[in-house]
Every structure is written in structure tokens, then in C-alpha cells.
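**Q** Structure: coords_35.txt, compact mmCIF, C-alpha atoms.
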```
# COMPACT_ATOMS: atom_id res chain seq x y z
CA MET A 1 16.98 -8.03 17.21
CA SER A 2 19.26 -8.15 14.17
CA GLN A 3 19.76 -5.15 11.88
CA LEU A 4 17.75 -6.96 9.21
CA ASP A 5 14.84 -7.56 11.60
CA LEU A 6 14.98 -3.87 12.49
CA ILE A 7 14.81 -2.82 8.81
CA ALA A 8 11.85 -5.16 8.26
CA SER A 9 10.09 -3.88 11.40
CA ILE A 10 10.46 -0.21 10.40
CA ALA A 11 9.44 -1.06 6.82
CA GLY A 12 6.31 -2.89 8.03
CA LEU A 13 5.46 -0.09 10.45
CA CYS A 14 5.73 2.47 7.62
CA THR A 15 3.67 0.58 5.03
CA THR A 16 0.92 -0.12 7.58
CA ALA A 17 0.92 3.24 9.41
CA SER A 18 0.97 5.20 6.13
CA PHE A 19 -2.73 4.45 5.61
CA PHE A 20 -3.76 6.24 8.81
CA PRO A 21 -3.28 9.77 7.36
CA GLN A 22 -5.40 8.81 4.33
CA VAL A 23 -8.12 7.40 6.60
CA ILE A 24 -8.09 10.61 8.67
CA LYS A 25 -8.23 12.77 5.53
CA VAL A 26 -11.17 10.83 4.08
CA TYR A 27 -12.96 10.81 7.45
CA ARG A 28 -12.57 14.59 7.82
CA THR A 29 -13.31 15.73 4.29
CA ARG A 30 -15.66 12.98 3.01
CA HIS A 31 -13.93 13.64 -0.34
CA THR A 32 -12.74 10.60 -2.28
CA LYS A 33 -13.01 11.75 -5.90
CA ASP A 34 -9.26 11.58 -6.60
CA LEU A 35 -8.83 8.14 -5.00
CA SER A 36 -8.85 5.17 -7.37
CA LEU A 37 -11.70 2.75 -6.62
CA VAL A 38 -9.91 -0.07 -8.48
CA MET A 39 -6.74 0.52 -6.44
CA TYR A 40 -8.56 0.06 -3.12
CA ILE A 41 -10.46 -3.02 -4.33
CA ILE A 42 -7.28 -4.78 -5.52
CA PHE A 43 -5.16 -3.55 -2.59
CA SER A 44 -7.72 -4.73 -0.01
CA CYS A 45 -7.82 -8.18 -1.66
CA GLY A 46 -4.00 -8.25 -1.62
CA VAL A 47 -3.54 -7.44 2.07
CA PHE A 48 -6.35 -9.87 2.96
CA LEU A 49 -4.42 -12.60 1.11
CA TRP A 50 -1.22 -11.58 2.98
CA PHE A 51 -3.20 -11.95 6.21
CA ILE A 52 -4.30 -15.48 5.18
CA TYR A 53 -0.69 -16.26 4.26
CA GLY A 54 0.44 -15.06 7.72
CA ALA A 55 -2.18 -17.27 9.38
CA PHE A 56 -0.96 -20.36 7.51
CA MET A 57 2.64 -19.44 8.40
CA TYR A 58 1.68 -18.90 12.09
CA SER A 59 3.34 -15.48 11.71
CA TRP A 60 1.84 -12.92 14.10
CA PRO A 61 3.82 -10.00 12.63
CA ILE A 62 2.48 -10.70 9.11
CA MET A 63 -1.06 -11.19 10.44
CA ILE A 64 -1.07 -8.04 12.58
CA ALA A 65 0.56 -5.76 9.97
CA ASN A 66 -1.75 -6.93 7.19
CA GLY A 67 -4.81 -7.22 9.41
CA VAL A 68 -4.49 -3.57 10.44
CA THR A 69 -3.73 -2.47 6.86
CA PHE A 70 -6.78 -4.40 5.63
CA ILE A 71 -9.08 -2.62 8.10
CA LEU A 72 -7.72 0.81 7.06
CA SER A 73 -7.88 -0.01 3.35
CA ALA A 74 -11.39 -1.47 3.62
CA TYR A 75 -12.54 1.70 5.46
CA ILE A 76 -11.18 3.91 2.64
CA LEU A 77 -12.85 1.60 0.09
CA ALA A 78 -16.19 1.82 1.92
CA MET A 79 -15.94 5.63 2.04
CA LYS A 80 -15.05 5.70 -1.65
CA LEU A 81 -18.16 3.64 -2.47
CA ARG A 82 -20.32 5.91 -0.31
CA TYR A 83 -18.94 9.34 -1.27
CA ARG A 84 -17.75 9.15 -4.87
CA MET B 1 4.79 -24.18 -6.39
CA SER B 2 3.04 -24.88 -3.08
CA GLN B 3 -0.41 -23.50 -2.27
CA LEU B 4 1.21 -21.11 0.22
CA ASP B 5 3.64 -19.81 -2.41
CA LEU B 6 0.67 -19.30 -4.71
CA ILE B 7 -1.23 -17.28 -2.07
CA ALA B 8 1.85 -15.13 -1.44
CA SER B 9 2.41 -14.61 -5.17
CA ILE B 10 -1.20 -13.51 -5.79
CA ALA B 11 -1.07 -11.32 -2.65
CA GLY B 12 2.15 -9.64 -3.82
CA LEU B 13 0.80 -9.20 -7.33
CA CYS B 14 -2.34 -7.51 -5.93
CA THR B 15 -0.60 -5.14 -3.49
CA THR B 16 1.89 -4.07 -6.18
CA ALA B 17 -0.48 -3.93 -9.18
CA SER B 18 -3.13 -2.02 -7.20
CA PHE B 19 -1.08 1.19 -7.49
CA PHE B 20 -1.27 1.19 -11.31
CA PRO B 21 -4.93 2.38 -11.43
CA GLN B 22 -4.08 5.23 -9.03
CA VAL B 23 -1.06 6.21 -11.16
CA ILE B 24 -3.24 6.19 -14.31
CA LYS B 25 -5.96 8.24 -12.58
CA VAL B 26 -3.47 10.85 -11.35
CA TYR B 27 -1.72 10.94 -14.75
CA ARG B 28 -5.02 11.49 -16.58
CA THR B 29 -6.71 13.95 -14.26
CA ARG B 30 -3.74 15.79 -12.65
CA HIS B 31 -5.98 15.90 -9.57
CA THR B 32 -4.43 14.85 -6.27
CA LYS B 33 -6.36 16.95 -3.74
CA ASP B 34 -7.99 13.98 -1.98
CA LEU B 35 -4.75 11.98 -1.75
CA SER B 36 -2.86 12.19 1.54
CA LEU B 37 0.64 13.65 1.12
CA VAL B 38 1.77 12.12 4.43
CA MET B 39 0.53 8.69 3.34
CA TYR B 40 2.64 8.70 0.17
CA ILE B 41 5.74 10.00 1.97
CA ILE B 42 5.57 7.29 4.66
CA PHE B 43 4.47 4.56 2.24
CA SER B 44 7.31 5.33 -0.21
CA CYS B 45 9.84 5.17 2.65
CA GLY B 46 8.32 1.85 3.76
CA VAL B 47 8.48 0.10 0.39
CA PHE B 48 12.00 1.46 -0.16
CA LEU B 49 13.03 -0.17 3.15
CA TRP B 50 11.33 -3.43 2.06
CA PHE B 51 13.42 -3.21 -1.14
CA ILE B 52 16.63 -2.79 0.94
CA TYR B 53 15.52 -5.72 3.10
CA GLY B 54 15.01 -7.84 -0.04
CA ALA B 55 18.49 -6.90 -1.27
CA PHE B 56 20.10 -8.00 2.02
CA MET B 57 18.05 -11.22 1.89
CA TYR B 58 19.04 -11.83 -1.77
CA SER B 59 15.30 -12.17 -2.41
CA TRP B 60 14.43 -11.20 -6.00
CA PRO B 61 10.64 -11.46 -5.42
CA ILE B 62 10.79 -9.00 -2.50
CA MET B 63 13.08 -6.65 -4.46
CA ILE B 64 10.99 -6.69 -7.64
CA ALA B 65 7.59 -6.35 -5.91
CA ASN B 66 8.77 -3.48 -3.69
CA GLY B 67 10.95 -1.88 -6.36
CA VAL B 68 7.96 -1.60 -8.71
CA THR B 69 5.66 -0.42 -5.89
CA PHE B 70 8.26 2.19 -4.90
CA ILE B 71 8.40 3.61 -8.44
CA LEU B 72 4.58 3.83 -8.62
CA SER B 73 4.28 5.33 -5.15
CA ALA B 74 7.10 7.85 -5.77
CA TYR B 75 5.38 8.91 -9.01
CA ILE B 76 2.09 9.56 -7.16
CA LEU B 77 4.05 11.45 -4.47
CA ALA B 78 5.79 13.59 -7.10
CA MET B 79 2.44 14.38 -8.77
CA LYS B 80 0.94 15.23 -5.36
CA LEU B 81 3.78 17.67 -4.68
CA ARG B 82 3.37 19.23 -8.14
CA TYR B 83 -0.45 19.42 -8.38
CA ARG B 84 -1.78 19.87 -4.89
```
What's the C-alpha cells form of this structure?

**A**
Amino acid sequence: MSQLDLIASIAGLCTTASFFPQVIKVYRTRHTKDLSLVMYIIFSCGVFLWFIYGAFMYSWPIMIANGVTFILSAYILAMKLRYR
Amino acid sequence: MSQLDLIASIAGLCTTASFFPQVIKVYRTRHTKDLSLVMYIIFSCGVFLWFIYGAFMYSWPIMIANGVTFILSAYILAMKLRYR
């Protein structure tokens, strides 16, 4: 693996994994007042489109990273809609 | 521009632009209790690494999208540290 591939892998791991703590926080507290509804609507659409892009490119890394991020983001969005 | 380029452009626009509503909400309310500190630390590191990756790849789209997202994410992180 080249140094560039390594940077991209760590970057992708960070941007995807970062949503786990927010999911855990929302799951535990059921508090979503300070989260922006519009952010999670637009962000979820964005990562879904990245997933579609990855599928067309036959890129498993893009599909997996964005697929996981989409699930986490959609969960936060659903909780925001339920507990605002 | 191919259909794939178009999907990637809209996807990138969404994932970057989505942070604006959260920045505006935090700026207006000064409330950050429900935001995850760990999320914004890891996410900011991730987009910064994507920016570095874009620089090594001489890719302006990757640099601009992640540079802007980094600024927005770092602002939310700073507000979270100040008003938690």
C-alpha cells in the first residue's frame, strides 16, 4: 500500500467512524435538539449519492465507507425526526 | 461532464454544504450539548487528511470540498469546546 493509499484509508476511516460517537450519544440521551435537521437530510442524500457513485465505479471502498456512513447518518436523522 | 461526474459533483456539494445549517444553528443558539465532541474531533481530522490527500493528488475538487468542510467542522468543534 502506497503512502497516499494509507492517507486515504485513514481519512476514510475517520470520516466514517466519526459518526459512531454521535449515534451512541443520540441513542443514549434521546436528545437531538442541538442537531441540525437540514444538515442530516442533505448529508444523508450526499453520502447516498457517493454510494451510487461507488457502485457505478465498481469501487468497494467507496461503497462500504459511504454505505456505513449513510446508515449512521440516516439513524441520526430518524432519531432527530422522532425526538426533536 | 459525464453522468458519473455529475453524480460525484452533487454528492460532494451535498456532503460539504450540509455542514452550513449546523454551523448557522450553533452560531445562533450557542447550544452544542447534543453534539458529540468525539465526532467533531475525528471528523475534522478525517477531512483534513482528505485535504492533504487532494493536495498530493493535485486534485482541486478534493482540496476545495474538504478544505471548506474542514473549516465548517473546525468551527463547530471550537464552539463545542467553548459552549459545552

**Q** Return the single residue from A:Met1, A:Val23, A:Met63, A:Leu49 that is closest to chain B, with distances computed using all atoms listed in the file.

**A**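 Of all the options, A:Leu49 lies closest to chain B.
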
**Q** At what distance in Å, to one decimal, does CA of Phe19 (chain A) lie from CA of Leu81 (chain B)?

**A**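 So the two atoms, CA of Leu81 (chain B) and CA of Phe19 (chain A), lie 18.0 Å apart.
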
**Q** Write out as a tab-separated table (two decimals) with C-alpha atoms, in the frame of the given file which residues come within 9 Å of Leu4 (chain A) when counting all atoms listed in the file, dropping same-chain ones fewer than 6 positions away.

**A**
```
chain	number	residue	atom	x	y	z
B	53	TYR	CA	15.52	-5.72	3.10
B	56	PHE	CA	20.10	-8.00	2.02
B	57	MET	CA	18.05	-11.22	1.89
```

**Q** If we count only C-alpha atoms, which residues of chain A reach to within 8 Å of chain B? Please list them as a VMD selection string.

**A** chain A and resid 4 7 to 8 10 to 22 25 to 26 31 to 36 38 to 50 53 56

**Q** Please rebuild region 73-84 of chain A with all heavy atoms and return the result as a CSV table (one decimal), keeping the file's coordinate frame.

**A**
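The result, stored in out_4.csv:
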```csv
chain,number,residue,atom,x,y,z
A,73,SER,N,-7.6,0.0,4.8
A,73,SER,CA,-7.9,0.0,3.4
A,73,SER,C,-9.4,-0.2,3.1
A,73,SER,O,-10.0,0.4,2.2
A,73,SER,CB,-7.0,-1.1,2.7
A,73,SER,OG,-7.4,-1.3,1.4
A,74,ALA,N,-10.0,-1.2,3.8
A,74,ALA,CA,-11.4,-1.5,3.6
A,74,ALA,C,-12.3,-0.3,4.0
A,74,ALA,O,-13.3,0.0,3.4
A,74,ALA,CB,-11.8,-2.7,4.4
A,75,TYR,N,-11.8,0.5,5.0
A,75,TYR,CA,-12.5,1.7,5.5
A,75,TYR,C,-12.5,2.7,4.3
A,75,TYR,O,-13.6,3.3,4.0
A,75,TYR,CB,-11.9,2.3,6.7
A,75,TYR,CG,-12.6,3.6,7.1
A,75,TYR,CD1,-13.8,3.7,7.8
A,75,TYR,CD2,-12.0,4.8,6.8
A,75,TYR,CE1,-14.3,4.9,8.2
A,75,TYR,CE2,-12.5,6.0,7.1
A,75,TYR,CZ,-13.7,6.0,7.8
A,75,TYR,OH,-14.3,7.2,8.1
A,76,ILE,N,-11.3,3.0,3.7
A,76,ILE,CA,-11.2,3.9,2.6
A,76,ILE,C,-12.0,3.5,1.5
A,76,ILE,O,-12.7,4.3,0.8
A,76,ILE,CB,-9.7,4.1,2.2
A,76,ILE,CG1,-8.9,4.6,3.4
A,76,ILE,CG2,-9.6,4.9,1.0
A,76,ILE,CD1,-7.4,4.6,3.1
A,77,LEU,N,-12.0,2.1,1.2
A,77,LEU,CA,-12.8,1.6,0.1
A,77,LEU,C,-14.3,1.8,0.3
A,77,LEU,O,-15.1,2.3,-0.6
A,77,LEU,CB,-12.6,0.1,-0.1
A,77,LEU,CG,-13.4,-0.7,-1.1
A,77,LEU,CD1,-13.2,-0.1,-2.5
A,77,LEU,CD2,-13.0,-2.2,-1.1
A,78,ALA,N,-14.8,1.6,1.6
A,78,ALA,CA,-16.2,1.8,1.9
A,78,ALA,C,-16.6,3.3,1.8
A,78,ALA,O,-17.7,3.6,1.2
A,78,ALA,CB,-16.4,1.4,3.4
A,79,MET,N,-15.7,4.2,2.2
A,79,MET,CA,-15.9,5.6,2.0
A,79,MET,C,-16.0,6.0,0.6
A,79,MET,O,-16.8,6.9,0.1
A,79,MET,CB,-14.9,6.4,2.8
A,79,MET,CG,-14.9,6.2,4.3
A,79,MET,SD,-16.4,6.9,5.1
A,79,MET,CE,-15.9,8.6,5.4
A,80,LYS,N,-15.1,5.4,-0.2
A,80,LYS,CA,-15.0,5.7,-1.6
A,80,LYS,C,-16.4,5.3,-2.3
A,80,LYS,O,-16.9,6.0,-3.2
A,80,LYS,CB,-13.9,4.9,-2.3
A,80,LYS,CG,-13.8,5.0,-3.8
A,80,LYS,CD,-13.4,6.3,-4.3
A,80,LYS,CE,-13.5,6.4,-5.8
A,80,LYS,NZ,-13.3,7.8,-6.3
A,81,LEU,N,-16.9,4.1,-1.9
A,81,LEU,CA,-18.2,3.6,-2.5
A,81,LEU,C,-19.3,4.5,-2.0
A,81,LEU,O,-20.3,4.7,-2.8
A,81,LEU,CB,-18.4,2.2,-2.0
A,81,LEU,CG,-17.5,1.2,-2.7
A,81,LEU,CD1,-17.6,-0.2,-2.0
A,81,LEU,CD2,-17.8,1.0,-4.2
A,82,ARG,N,-19.2,5.1,-0.8
A,82,ARG,CA,-20.3,5.9,-0.3
A,82,ARG,C,-20.3,7.3,-0.8
A,82,ARG,O,-21.3,7.9,-1.2
A,82,ARG,CB,-20.2,5.9,1.2
A,82,ARG,CG,-21.4,6.5,1.9
A,82,ARG,CD,-21.6,6.2,3.3
A,82,ARG,NE,-22.6,7.0,4.0
A,82,ARG,CZ,-22.7,7.2,5.3
A,82,ARG,NH1,-21.8,6.6,6.1
A,82,ARG,NH2,-23.6,8.0,5.8
A,83,TYR,N,-19.1,7.9,-0.9
A,83,TYR,CA,-18.9,9.3,-1.3
A,83,TYR,C,-18.2,9.5,-2.6
A,83,TYR,O,-17.1,10.2,-2.6
A,83,TYR,CB,-18.2,10.1,-0.2
A,83,TYR,CG,-18.9,10.1,1.2
A,83,TYR,CD1,-18.4,9.3,2.2
A,83,TYR,CD2,-20.0,10.9,1.4
A,83,TYR,CE1,-19.0,9.3,3.4
A,83,TYR,CE2,-20.6,10.9,2.7
A,83,TYR,CZ,-20.1,10.1,3.7
A,83,TYR,OH,-20.7,10.1,4.9
A,84,ARG,N,-18.6,8.9,-3.7
A,84,ARG,CA,-17.8,9.2,-4.9
A,84,ARG,C,-18.3,10.3,-5.7
A,84,ARG,O,-19.3,10.8,-5.5
A,84,ARG,CB,-17.6,7.9,-5.7
A,84,ARG,CG,-18.8,7.0,-5.9
A,84,ARG,CD,-18.3,5.8,-6.7
A,84,ARG,NE,-19.2,4.7,-6.6
A,84,ARG,CZ,-19.1,3.6,-7.4
A,84,ARG,NH1,-18.1,3.5,-8.2
A,84,ARG,NH2,-20.0,2.6,-7.3
```
